[in-house]
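Student: I'm passing along data.tsv; it holds TSV, C-alpha atoms.
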chain	number	residue	atom	x	y	z
U	6	MET	CA	-16.98	6.07	-22.83
U	7	ILE	CA	-13.19	6.05	-22.90
U	8	ARG	CA	-11.68	4.54	-26.04
U	9	LEU	CA	-8.20	3.25	-26.82
U	10	SER	CA	-7.74	6.25	-29.12
U	11	ASP	CA	-8.27	8.59	-26.14
U	12	ILE	CA	-5.52	6.77	-24.25
U	13	GLU	CA	-3.21	6.86	-27.27
U	14	ASP	CA	-3.81	10.62	-27.51
U	15	ALA	CA	-2.88	10.92	-23.84
U	16	GLN	CA	0.28	8.93	-24.52
U	17	THR	CA	1.29	11.48	-27.14
U	18	ILE	CA	0.73	14.35	-24.70
U	19	LEU	CA	2.71	12.63	-21.94
U	20	GLU	CA	5.65	11.56	-24.07
U	21	GLY	CA	8.84	13.18	-22.84
U	22	ARG	CA	7.01	14.94	-20.00
U	23	ILE	CA	6.77	12.03	-17.57
U	24	LEU	CA	8.93	8.95	-17.07
U	25	ARG	CA	8.24	5.85	-19.12
U	26	THR	CA	8.72	3.63	-16.10
U	27	PRO	CA	10.42	0.25	-16.38
U	28	MET	CA	8.54	-3.02	-16.16
U	29	LEU	CA	10.89	-5.69	-14.90
U	30	PRO	CA	10.66	-9.39	-14.07
U	31	ALA	CA	10.55	-10.08	-10.34
U	32	PRO	CA	12.02	-13.57	-9.76
U	33	LYS	CA	11.82	-13.33	-5.97
U	34	LEU	CA	8.16	-12.34	-6.06
U	35	SER	CA	7.59	-15.12	-8.57
U	36	ALA	CA	9.12	-17.61	-6.13
U	37	LEU	CA	6.97	-16.18	-3.34
U	38	THR	CA	3.68	-16.42	-5.25
U	39	GLY	CA	4.16	-19.25	-7.73
U	40	ALA	CA	3.39	-16.99	-10.69
U	41	GLU	CA	5.67	-15.31	-13.21
U	42	VAL	CA	5.55	-11.74	-11.92
U	43	PHE	CA	6.41	-8.52	-13.73
U	44	VAL	CA	6.35	-5.19	-11.87
U	45	LYS	CA	5.62	-1.80	-13.42
U	46	TYR	CA	7.53	0.69	-11.26
U	47	GLU	CA	5.28	3.76	-11.20
U	48	ASN	CA	6.85	4.66	-7.84
U	49	LEU	CA	9.78	6.00	-9.90
U	50	GLN	CA	7.82	8.98	-11.23
U	51	VAL	CA	8.97	12.37	-9.89
U	52	THR	CA	6.12	12.41	-7.35
U	53	ASN	CA	6.54	8.65	-6.81
U	54	SER	CA	3.09	7.79	-8.13
U	55	PHE	CA	1.18	6.98	-11.33
U	56	LYS	CA	-1.10	9.96	-10.69
U	57	GLU	CA	1.14	12.21	-12.77
U	58	ARG	CA	-0.21	10.63	-15.94
U	59	GLY	CA	-3.84	11.60	-15.43
U	60	ALA	CA	-3.07	14.94	-13.81
U	61	LEU	CA	-0.81	16.12	-16.62
U	62	ASN	CA	-3.19	14.88	-19.32
U	63	LYS	CA	-5.98	16.91	-17.72
U	64	LEU	CA	-3.96	20.06	-16.97
U	65	ALA	CA	-2.41	20.14	-20.44
U	66	SER	CA	-5.92	20.25	-21.95
U	67	LEU	CA	-6.91	23.48	-20.19
U	68	ASP	CA	-7.23	26.67	-22.22
U	69	ALA	CA	-5.74	30.01	-21.14
U	70	ALA	CA	-8.91	31.13	-19.34
U	71	ASP	CA	-9.12	27.94	-17.25
U	72	ARG	CA	-5.43	28.12	-16.41
U	73	ALA	CA	-5.86	31.67	-15.20
U	74	ARG	CA	-8.71	30.64	-12.87
U	75	GLY	CA	-6.55	28.18	-11.00
U	76	VAL	CA	-7.40	24.59	-10.05
U	77	ILE	CA	-8.49	22.74	-6.95
U	78	ALA	CA	-8.32	19.03	-6.11
U	79	MET	CA	-8.99	16.71	-3.19
U	80	SER	CA	-6.65	13.85	-2.48
U	81	ALA	CA	-5.10	11.63	0.19
U	82	GLY	CA	-1.73	12.48	-1.26
U	83	ASN	CA	-0.66	11.16	-4.64
U	84	HIS	CA	-3.17	13.03	-6.84
U	85	ALA	CA	-2.41	16.08	-4.71
U	86	GLN	CA	1.30	15.90	-5.44
U	87	ALA	CA	0.75	15.20	-9.12
U	88	VAL	CA	-1.59	18.16	-9.58
U	89	ALA	CA	0.68	20.44	-7.53
U	90	TYR	CA	3.81	19.42	-9.44
U	91	HIS	CA	2.45	19.70	-12.96
U	92	ALA	CA	0.34	22.79	-12.22
U	93	SER	CA	3.52	24.50	-11.04
U	94	ARG	CA	5.35	23.46	-14.21
U	95	LEU	CA	2.50	24.87	-16.32
U	96	GLY	CA	2.19	28.09	-14.29
U	97	ILE	CA	-1.23	27.23	-12.85
U	98	ALA	CA	-2.14	28.08	-9.24
U	99	ALA	CA	-3.29	24.96	-7.34
U	100	THR	CA	-5.23	24.45	-4.09
U	101	ILE	CA	-5.34	20.94	-2.63
U	102	VAL	CA	-7.74	19.73	0.08
U	103	MET	CA	-6.36	16.71	1.96
U	104	PRO	CA	-7.83	14.67	4.85
U	105	VAL	CA	-6.19	15.40	8.19
U	106	THR	CA	-5.22	11.70	8.31
U	107	THR	CA	-2.95	12.04	5.25
U	108	PRO	CA	0.64	10.93	6.02
U	109	ALA	CA	2.86	13.90	6.81
U	110	VAL	CA	5.30	12.99	4.04
U	111	LYS	CA	2.56	13.48	1.42
U	112	VAL	CA	1.38	16.78	2.89
U	113	ALA	CA	4.92	18.15	3.01
U	114	SER	CA	5.65	17.07	-0.57
U	115	THR	CA	2.45	18.69	-1.86
U	116	ARG	CA	3.36	21.99	-0.21
U	117	ALA	CA	6.91	21.72	-1.55
U	118	TYR	CA	5.55	21.60	-5.12
U	119	GLY	CA	3.97	25.02	-4.54
U	120	ALA	CA	0.32	24.20	-3.87
U	121	THR	CA	-1.86	25.75	-1.18
U	122	VAL	CA	-2.80	22.85	1.11
U	123	VAL	CA	-6.02	22.76	3.13
U	124	LEU	CA	-6.36	19.94	5.67
U	125	HIS	CA	-9.99	19.00	6.28
U	126	GLY	CA	-11.98	15.94	7.36
U	127	GLU	CA	-11.10	12.37	8.16
U	128	THR	CA	-11.88	10.89	4.75
U	129	ILE	CA	-11.64	11.65	1.04
U	130	SER	CA	-15.41	12.27	0.87
U	131	GLU	CA	-15.18	14.92	3.60
U	132	ALA	CA	-12.21	16.51	1.83
U	133	GLN	CA	-14.18	16.50	-1.42
U	134	ALA	CA	-17.08	18.34	0.20
U	135	ARG	CA	-14.72	21.08	1.40
U	136	ALA	CA	-13.01	21.25	-2.01
U	137	GLU	CA	-16.39	21.77	-3.68
U	138	GLU	CA	-17.17	24.59	-1.25
U	139	LEU	CA	-13.86	26.32	-2.02
U	140	GLN	CA	-14.37	25.77	-5.75
U	141	ALA	CA	-17.70	27.59	-5.63
U	142	GLN	CA	-16.37	30.40	-3.44
U	143	GLN	CA	-13.21	31.07	-5.46
U	144	GLY	CA	-14.26	30.10	-8.99
U	145	LEU	CA	-11.61	27.42	-9.31
U	146	LEU	CA	-11.57	24.53	-11.78
U	147	PHE	CA	-12.05	21.15	-10.10
U	148	ILE	CA	-9.54	18.41	-11.02
U	149	HIS	CA	-11.18	15.17	-9.96
U	150	PRO	CA	-8.80	12.35	-8.92
U	151	TYR	CA	-10.60	9.63	-10.85
U	152	ASP	CA	-14.02	10.55	-12.31
U	153	ASP	CA	-12.82	12.49	-15.35
U	154	PRO	CA	-12.30	11.19	-18.91
U	155	ARG	CA	-8.86	12.78	-19.31
U	156	ILE	CA	-7.71	11.50	-15.92
U	157	ILE	CA	-8.85	7.98	-16.83
U	158	ALA	CA	-7.19	8.17	-20.26
U	159	GLY	CA	-3.92	9.35	-18.75
U	160	GLN	CA	-3.82	6.46	-16.29
U	161	GLY	CA	-4.55	3.99	-19.09
U	162	THR	CA	-1.21	4.73	-20.73
U	163	ILE	CA	0.35	2.38	-18.16
U	164	ALA	CA	-1.27	-0.69	-19.75
U	165	ILE	CA	-0.12	0.35	-23.23
U	166	GLU	CA	3.47	0.44	-21.98
U	167	MET	CA	3.12	-2.83	-20.06
U	168	LEU	CA	1.73	-4.75	-23.04
U	169	ASP	CA	4.29	-3.16	-25.31
U	170	ASP	CA	6.99	-4.62	-23.03
U	171	ARG	CA	5.20	-7.93	-22.28
U	172	PRO	CA	2.41	-8.67	-24.79
U	173	ASP	CA	2.05	-12.19	-23.37
U	174	LEU	CA	0.69	-11.17	-19.95
U	175	ASP	CA	-2.18	-13.39	-18.74
U	176	SER	CA	-3.38	-11.13	-15.93
U	177	LEU	CA	-3.17	-7.52	-14.88
U	178	ILE	CA	-3.83	-6.81	-11.18
U	179	VAL	CA	-4.72	-3.21	-10.38
U	180	PRO	CA	-5.51	-1.41	-7.09
U	181	ILE	CA	-8.92	0.29	-6.89
U	182	GLY	CA	-9.81	3.48	-5.04
U	183	GLY	CA	-12.34	5.46	-7.06
U	184	GLY	CA	-11.53	3.37	-10.11
U	185	GLY	CA	-9.65	5.74	-12.44
U	186	LEU	CA	-6.49	3.63	-12.63
U	187	ILE	CA	-8.20	0.33	-13.31
U	188	SER	CA	-10.74	1.83	-15.72
U	189	GLY	CA	-8.14	3.36	-18.01
U	190	ASN	CA	-5.95	0.29	-17.89
U	191	ALA	CA	-8.84	-2.11	-18.44
U	192	VAL	CA	-9.91	-0.18	-21.56
U	193	ALA	CA	-6.37	-0.20	-22.95
U	194	ALA	CA	-5.52	-3.77	-22.01
U	195	LYS	CA	-8.75	-5.28	-23.31
U	196	ALA	CA	-8.50	-3.34	-26.57
U	197	ILE	CA	-4.95	-4.57	-27.14
U	198	ASN	CA	-5.51	-8.13	-25.88
U	199	PRO	CA	-9.17	-9.14	-25.37
U	200	GLN	CA	-8.05	-12.37	-23.63
U	201	ILE	CA	-6.16	-10.67	-20.81
U	202	GLU	CA	-7.73	-10.91	-17.35
U	203	VAL	CA	-8.00	-7.63	-15.44
U	204	ILE	CA	-8.49	-7.97	-11.69
U	205	GLY	CA	-9.06	-5.17	-9.20
U	206	VAL	CA	-8.03	-5.03	-5.55
U	207	GLU	CA	-9.54	-3.07	-2.67
U	208	ALA	CA	-8.73	-2.94	1.03
U	209	GLU	CA	-11.21	-4.96	3.08
U	210	LEU	CA	-11.96	-1.86	5.14
U	211	TYR	CA	-13.05	0.07	2.03
U	212	PRO	CA	-14.97	-2.33	-0.28
U	213	SER	CA	-16.82	0.45	-2.11
U	214	MET	CA	-16.41	-0.87	-5.66
U	215	TRP	CA	-17.00	-4.45	-4.51
U	216	ASN	CA	-20.25	-3.31	-2.88
U	217	ALA	CA	-21.35	-1.49	-6.02
U	218	LEU	CA	-20.66	-4.49	-8.24
U	219	HIS	CA	-22.31	-7.02	-5.93
U	220	GLY	CA	-25.21	-4.94	-4.64
U	221	LYS	CA	-23.91	-5.24	-1.09
U	222	ASP	CA	-23.54	-2.77	1.75
U	223	GLN	CA	-20.47	-3.86	3.66
U	224	PRO	CA	-19.22	-1.02	5.89
U	225	CYS	CA	-16.49	1.30	4.60
U	226	GLY	CA	-14.21	2.89	7.15
U	227	GLY	CA	-11.30	2.52	9.51
U	228	ALA	CA	-7.57	3.12	9.59
U	229	THR	CA	-6.03	1.31	6.63
U	230	LEU	CA	-2.44	1.07	5.46
U	231	ALA	CA	-3.79	1.66	1.95
U	232	GLU	CA	-5.08	5.20	2.53
U	233	GLY	CA	-4.54	5.95	-1.16
U	234	ILE	CA	-7.46	3.65	-2.06
U	235	ALA	CA	-9.58	4.33	1.03
U	236	VAL	CA	-12.50	5.66	-0.99
U	237	LYS	CA	-16.15	5.38	0.03
U	238	ASN	CA	-17.69	6.72	-3.20
U	239	VAL	CA	-17.07	5.00	-6.53
U	240	GLY	CA	-16.88	6.99	-9.75
U	241	LYS	CA	-19.93	7.46	-11.98
U	242	LEU	CA	-17.68	7.10	-15.03
U	243	THR	CA	-15.52	4.31	-13.67
U	244	LEU	CA	-18.21	1.93	-12.38
U	245	PRO	CA	-19.72	0.95	-15.76
U	246	ILE	CA	-16.25	0.47	-17.26
U	247	ILE	CA	-15.24	-1.80	-14.39
U	248	ARG	CA	-18.53	-3.69	-14.55
U	249	GLU	CA	-17.95	-4.43	-18.24
U	250	LEU	CA	-14.21	-5.09	-18.41
U	251	VAL	CA	-12.91	-6.23	-15.00
U	252	SER	CA	-13.14	-9.93	-14.20
U	253	ASP	CA	-13.19	-9.65	-10.43
U	254	VAL	CA	-12.52	-7.35	-7.49
U	255	MET	CA	-10.62	-8.92	-4.60
U	256	LEU	CA	-10.54	-7.66	-1.02
U	257	VAL	CA	-7.30	-7.82	0.95
U	258	SER	CA	-6.68	-7.56	4.69
U	259	GLU	CA	-4.36	-5.20	6.52
U	260	THR	CA	-2.03	-8.12	7.29
U	261	GLN	CA	-1.82	-9.01	3.59
U	262	LEU	CA	-1.08	-5.38	2.73
U	263	GLU	CA	1.68	-5.27	5.34
U	264	ARG	CA	3.22	-8.48	3.98
U	265	ALA	CA	3.16	-7.07	0.45
U	266	VAL	CA	4.80	-3.77	1.44
U	267	ASN	CA	7.48	-5.70	3.30
U	268	ALA	CA	8.04	-8.06	0.35
U	269	TYR	CA	8.59	-5.16	-2.03
U	270	LEU	CA	11.11	-3.65	0.36
U	271	THR	CA	13.01	-6.77	1.38
U	272	LEU	CA	12.81	-8.77	-1.87
U	273	GLN	CA	12.64	-6.08	-4.57
U	274	LYS	CA	14.51	-3.36	-2.63
U	275	THR	CA	11.88	-0.78	-3.58
U	276	MET	CA	9.37	1.36	-1.69
U	277	ALA	CA	5.66	0.61	-1.94
U	278	GLU	CA	2.90	2.34	-0.03
U	279	GLY	CA	-0.08	0.28	1.06
U	280	ALA	CA	-2.16	1.06	-2.03
U	281	GLY	CA	0.85	0.47	-4.27
U	282	ALA	CA	1.30	-3.02	-2.84
U	283	ALA	CA	-2.37	-4.04	-3.09
U	284	GLY	CA	-1.86	-6.11	-6.26
U	285	LEU	CA	0.85	-8.19	-4.63
U	286	ALA	CA	-1.33	-8.51	-1.51
U	287	ALA	CA	-4.02	-10.13	-3.67
U	288	MET	CA	-1.49	-12.66	-4.95
U	289	LEU	CA	-0.40	-13.45	-1.41
U	290	LYS	CA	-4.04	-13.97	-0.45
U	291	GLU	CA	-4.82	-16.43	-3.26
U	292	PRO	CA	-1.56	-17.73	-4.75
U	293	GLN	CA	-3.25	-20.76	-6.31
U	294	ARG	CA	-5.41	-18.48	-8.43
U	295	PHE	CA	-2.35	-17.05	-10.18
U	296	LYS	CA	0.02	-20.02	-10.07
U	297	GLY	CA	1.85	-20.48	-13.36
U	298	LYS	CA	0.39	-17.33	-14.94
U	299	ARG	CA	2.25	-14.32	-16.28
U	300	VAL	CA	1.03	-11.52	-14.03
U	301	GLY	CA	1.60	-7.79	-14.38
U	302	LEU	CA	1.56	-5.74	-11.17
U	303	ILE	CA	1.36	-1.95	-11.07
U	304	LEU	CA	3.41	-0.66	-8.15
U	305	CYS	CA	1.38	2.51	-8.35
U	306	GLY	CA	2.89	4.51	-5.48
U	307	GLY	CA	5.83	4.62	-3.08
U	308	ASN	CA	4.86	7.48	-0.76
U	309	ILE	CA	4.84	5.69	2.57
U	310	ASP	CA	5.55	7.27	5.94
U	311	PRO	CA	9.00	6.06	7.10
U	312	ARG	CA	7.69	5.42	10.61
U	313	ILE	CA	4.93	3.18	9.27
U	314	LEU	CA	7.42	1.35	7.09
U	315	ALA	CA	9.72	0.73	10.07
U	316	SER	CA	6.78	-0.61	12.08
U	317	ILE	CA	5.79	-2.96	9.24
U	318	MET	CA	9.30	-4.37	9.03
U	319	VAL	CA	9.41	-5.12	12.76
U	320	ARG	CA	5.92	-6.67	12.67
U	321	GLU	CA	6.96	-8.94	9.80
U	322	LEU	CA	10.04	-10.05	11.73
U	323	GLU	CA	7.71	-10.99	14.58
U	324	ARG	CA	5.37	-12.88	12.23
U	325	ASP	CA	8.36	-14.80	10.85
U	326	GLU	CA	9.57	-15.48	14.42
U	327	GLN	CA	12.83	-13.66	13.82
U	328	ILE	CA	11.83	-11.57	16.82
U	329	ILE	CA	10.23	-13.43	19.71
U	330	SER	CA	9.15	-12.46	23.20
U	331	PHE	CA	8.71	-14.79	26.15
U	332	ARG	CA	8.11	-14.62	29.90
U	333	LEU	CA	10.09	-16.40	32.59
U	334	THR	CA	9.33	-16.75	36.29
U	335	ILE	CA	12.72	-16.76	37.99
U	336	PRO	CA	14.14	-16.95	41.53
U	337	ASP	CA	14.96	-13.48	42.84
U	338	ARG	CA	18.61	-13.94	43.71
U	339	PRO	CA	21.98	-12.59	42.53
U	340	GLY	CA	23.40	-14.07	39.36
U	341	VAL	CA	20.15	-15.30	37.75
U	342	LEU	CA	19.95	-12.52	35.17
U	343	GLY	CA	23.59	-13.06	34.28
U	344	HIS	CA	22.96	-16.78	33.80
U	345	ILE	CA	19.98	-16.12	31.53
U	346	ALA	CA	21.95	-13.61	29.45
U	347	SER	CA	24.82	-16.08	29.08
U	348	ARG	CA	22.41	-18.85	28.17
U	349	LEU	CA	20.90	-16.70	25.42
U	350	GLY	CA	24.38	-15.97	24.11
U	351	GLU	CA	25.18	-19.69	24.02
U	352	LEU	CA	21.98	-20.27	22.05
U	353	GLY	CA	22.88	-17.57	19.51
U	354	ALA	CA	20.02	-15.25	20.45
U	355	ASN	CA	20.52	-11.49	20.47
U	356	ILE	CA	18.80	-9.70	23.36
U	357	LEU	CA	16.66	-6.73	22.28
U	358	GLU	CA	14.72	-5.95	25.44
U	359	VAL	CA	14.45	-7.13	29.06
U	360	ASP	CA	11.68	-6.19	31.52
U	361	HIS	CA	12.38	-7.33	35.09
U	362	LYS	CA	9.47	-7.09	37.56
U	363	ARG	CA	9.22	-8.10	41.21
U	364	LEU	CA	6.01	-6.55	42.52
U	365	PHE	CA	3.37	-8.82	41.00
U	366	LEU	CA	1.03	-11.09	42.97
U	367	ASP	CA	1.12	-13.82	40.31
U	368	VAL	CA	4.76	-14.65	41.10
U	369	PRO	CA	6.20	-16.09	44.36
U	370	ALA	CA	7.36	-13.68	47.04
U	371	LYS	CA	10.94	-14.82	46.44
U	372	GLY	CA	10.55	-14.75	42.69
U	373	ALA	CA	10.42	-12.26	39.83
U	374	ARG	CA	8.95	-12.06	36.39
U	375	LEU	CA	11.25	-11.55	33.42
U	376	ASP	CA	9.97	-10.61	29.96
U	377	VAL	CA	12.61	-11.06	27.28
U	378	THR	CA	12.60	-10.09	23.60
U	379	VAL	CA	15.30	-11.56	21.38
U	380	GLU	CA	16.29	-11.95	17.75
U	381	ALA	CA	16.19	-15.48	16.37
U	382	ARG	CA	17.15	-16.88	12.98
U	383	ASP	CA	13.80	-18.49	12.20
U	384	HIS	CA	10.97	-20.57	13.68
U	385	ALA	CA	13.20	-23.57	14.38
U	386	HIS	CA	15.72	-21.42	16.23
U	387	ALA	CA	12.92	-19.81	18.25
U	388	GLU	CA	11.68	-23.23	19.30
U	389	GLU	CA	15.22	-24.27	20.23
U	390	ILE	CA	15.54	-21.24	22.55
U	391	LEU	CA	12.21	-21.90	24.25
U	392	SER	CA	12.98	-25.61	24.65
U	393	ALA	CA	16.33	-24.84	26.23
U	394	PHE	CA	14.78	-22.56	28.86
U	395	ALA	CA	12.05	-25.12	29.53
U	396	ALA	CA	14.77	-27.74	30.14
U	397	ASP	CA	16.49	-25.29	32.51
U	398	GLY	CA	13.29	-25.13	34.58
U	399	TYR	CA	12.20	-21.59	33.73
U	400	ASN	CA	8.87	-22.62	32.13
U	401	PRO	CA	8.91	-19.99	29.36
U	402	ALA	CA	5.58	-18.63	28.10
U	403	ARG	CA	5.38	-17.01	24.68
U	404	ILE	CA	4.21	-13.39	24.51
U	405	TYR	CA	2.55	-12.36	21.26
U	406	ALA	CA	2.01	-8.88	19.88
U	407	SER	CA	-1.70	-9.11	20.69
U	408	ASP	CA	-1.01	-9.85	24.36
U	409	VAL	CA	-1.44	-7.06	26.91
U	410	ARG	CA	1.54	-6.80	29.18
U	411	GLY	CA	0.68	-6.32	32.84
Once more with this new file: its structure as structure tokens, please.

Tutor:
Amino acid sequence: MIRLSDIEDAQTILEGRILRTPMLPAPKLSALTGAEVFVKYENLQVTNSFKERGALNKLASLDAADRARGVIAMSAGNHAQAVAYHASRLGIAATIVMPVTTPAVKVASTRAYGATVVLHGETISEAQARAEELQAQQGLLFIHPYDDPRIIAGQGTIAIEMLDDRPDLDSLIVPIGGGGLISGNAVAAKAINPQIEVIGVEAELYPSMWNALHGKDQPCGGATLAEGIAVKNVGKLTLPIIRELVSDVMLVSETQLERAVNAYLTLQKTMAEGAGAAGLAAMLKEPQRFKGKRVGLILCGGNIDPRILASIMVRELERDEQIISFRLTIPDRPGVLGHIASRLGELGANILEVDHKRLFLDVPAKGARLDVTVEARDHAHAEEILSAFAADGYNPARIYASDVRG
């Protein structure tokens, strides 16, 4: 079992070698959720993830013979970068096996820290199998991302810092992949304040810990925004700790994860990857559960692909009806497009895209179909635009992101 003393020992090892990240009040997230929210910004570590804590605690414990052997790890990105970075600083050769689905930004960063990167498999479990093969072939030392006492103890130093800054926290919400982060933090938090509630969060597509705790067999798999916690196999060390100390494990949808990533960016002006935003996603799912409580969130990682982030921002604008698309059936004669463009200008809508089609059998022979995408201020403004075109006789039909354009 991991004890508070193990985590305090890890804190001594880490002092001055990693960043003691700030934990700050988040008034805008508090207004969004109804709770009093405090965010621990682990995305500010050098590798932009909490994983440095466990990786350094483990690597620093190796003797000269183990360091000379070299180490190997499997990871979807953040553990990979942490091991690569601190192994390089300690003069230890590192090999990292990553799933082929790992975001390019994480692969590139891991290589930049000096590690040998092997891309293999679609999932963490497939990457782990390959890492174990290479370990046996090359005599390397395996650095597990979560099922290792020193890894767990290193991650638990986060809760010590959080409760040092805010000893009055009611709840601590922690993302769960294999369970190393929540295990270490649950041990520390419960030892310091036995009344604190520790809640875990998994992606709905990967409910591995939830299954283990509830004796269920919901399927695990699929493309999730939270690839950092897309784990099918729970830890042998972490499961009993979570069973004893964690109050609940919540499952969040991809939409809730997207909303949380967007909220961190637009409200807190900080980068959160899908896994890093899972705690906030849980609050967005069940705000009543946390209303009025002092809640600590661990923004555990900020390594998100810029293209994915851009897509999330646009999708959220569509959900908030700040971007809307609609279809008009119009007479096919000169001047109509100019009139529609002028009308949109009068209504204060900014045109983003126009698709003008004539050759469709579902429009009159002397007509055309016009798909228009515009920026609006909000839902009320969107309705005003649609009502105006309906009054003009164009019979606008909304087009949603799930629609298939013909």

Student: When distances are computed from all atoms listed in the file, which of U:Gly59, U:Gly227, U:Pro180, U:Gly220 shows the smallest separation from Gly159 in chain U?

Tutor: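 That would be U:Gly59, the residue with the smallest distance to Gly159 in chain U.
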
Student: Using all atoms listed in the file, determine which residues lie at most 10 Å from range 338-351 of chain U, disregarding the query and same-chain residues fewer than 2 positions distant; provide the list as JSON, numbers by chain.

Tutor: {"U": [333, 335, 336, 353, 354, 355, 356, 359, 361, 371, 372, 373, 375, 377, 379, 390, 393, 394, 397, 399]}

Student: So, with all atoms listed in the file as the atoms that count, which of U:Ile309, U:Ala164, U:Leu285, U:Ala31 lies closest to Arg264 in chain U?

Tutor: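 Answer, going by the shortest atom-to-atom distance: U:Leu285.
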
Student: CA of Leu244 in chain U to CA of Ala194 in chain U: how many Å, to one decimal?

Tutor: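 Computing the Euclidean distance for CA of Leu244 in chain U and CA of Ala194 in chain U yields 16.9 Å.
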
Student: Select, from U:Leu256, U:Ala117, U:Ile156, U:Leu19, the residue with the minimum atom-to-atom distance to His84 in chain U, counting all atoms listed in the file.

Tutor: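 Between U:Leu256, U:Ala117, U:Ile156, U:Leu19, the residue approaching His84 in chain U most closely is U:Ile156.
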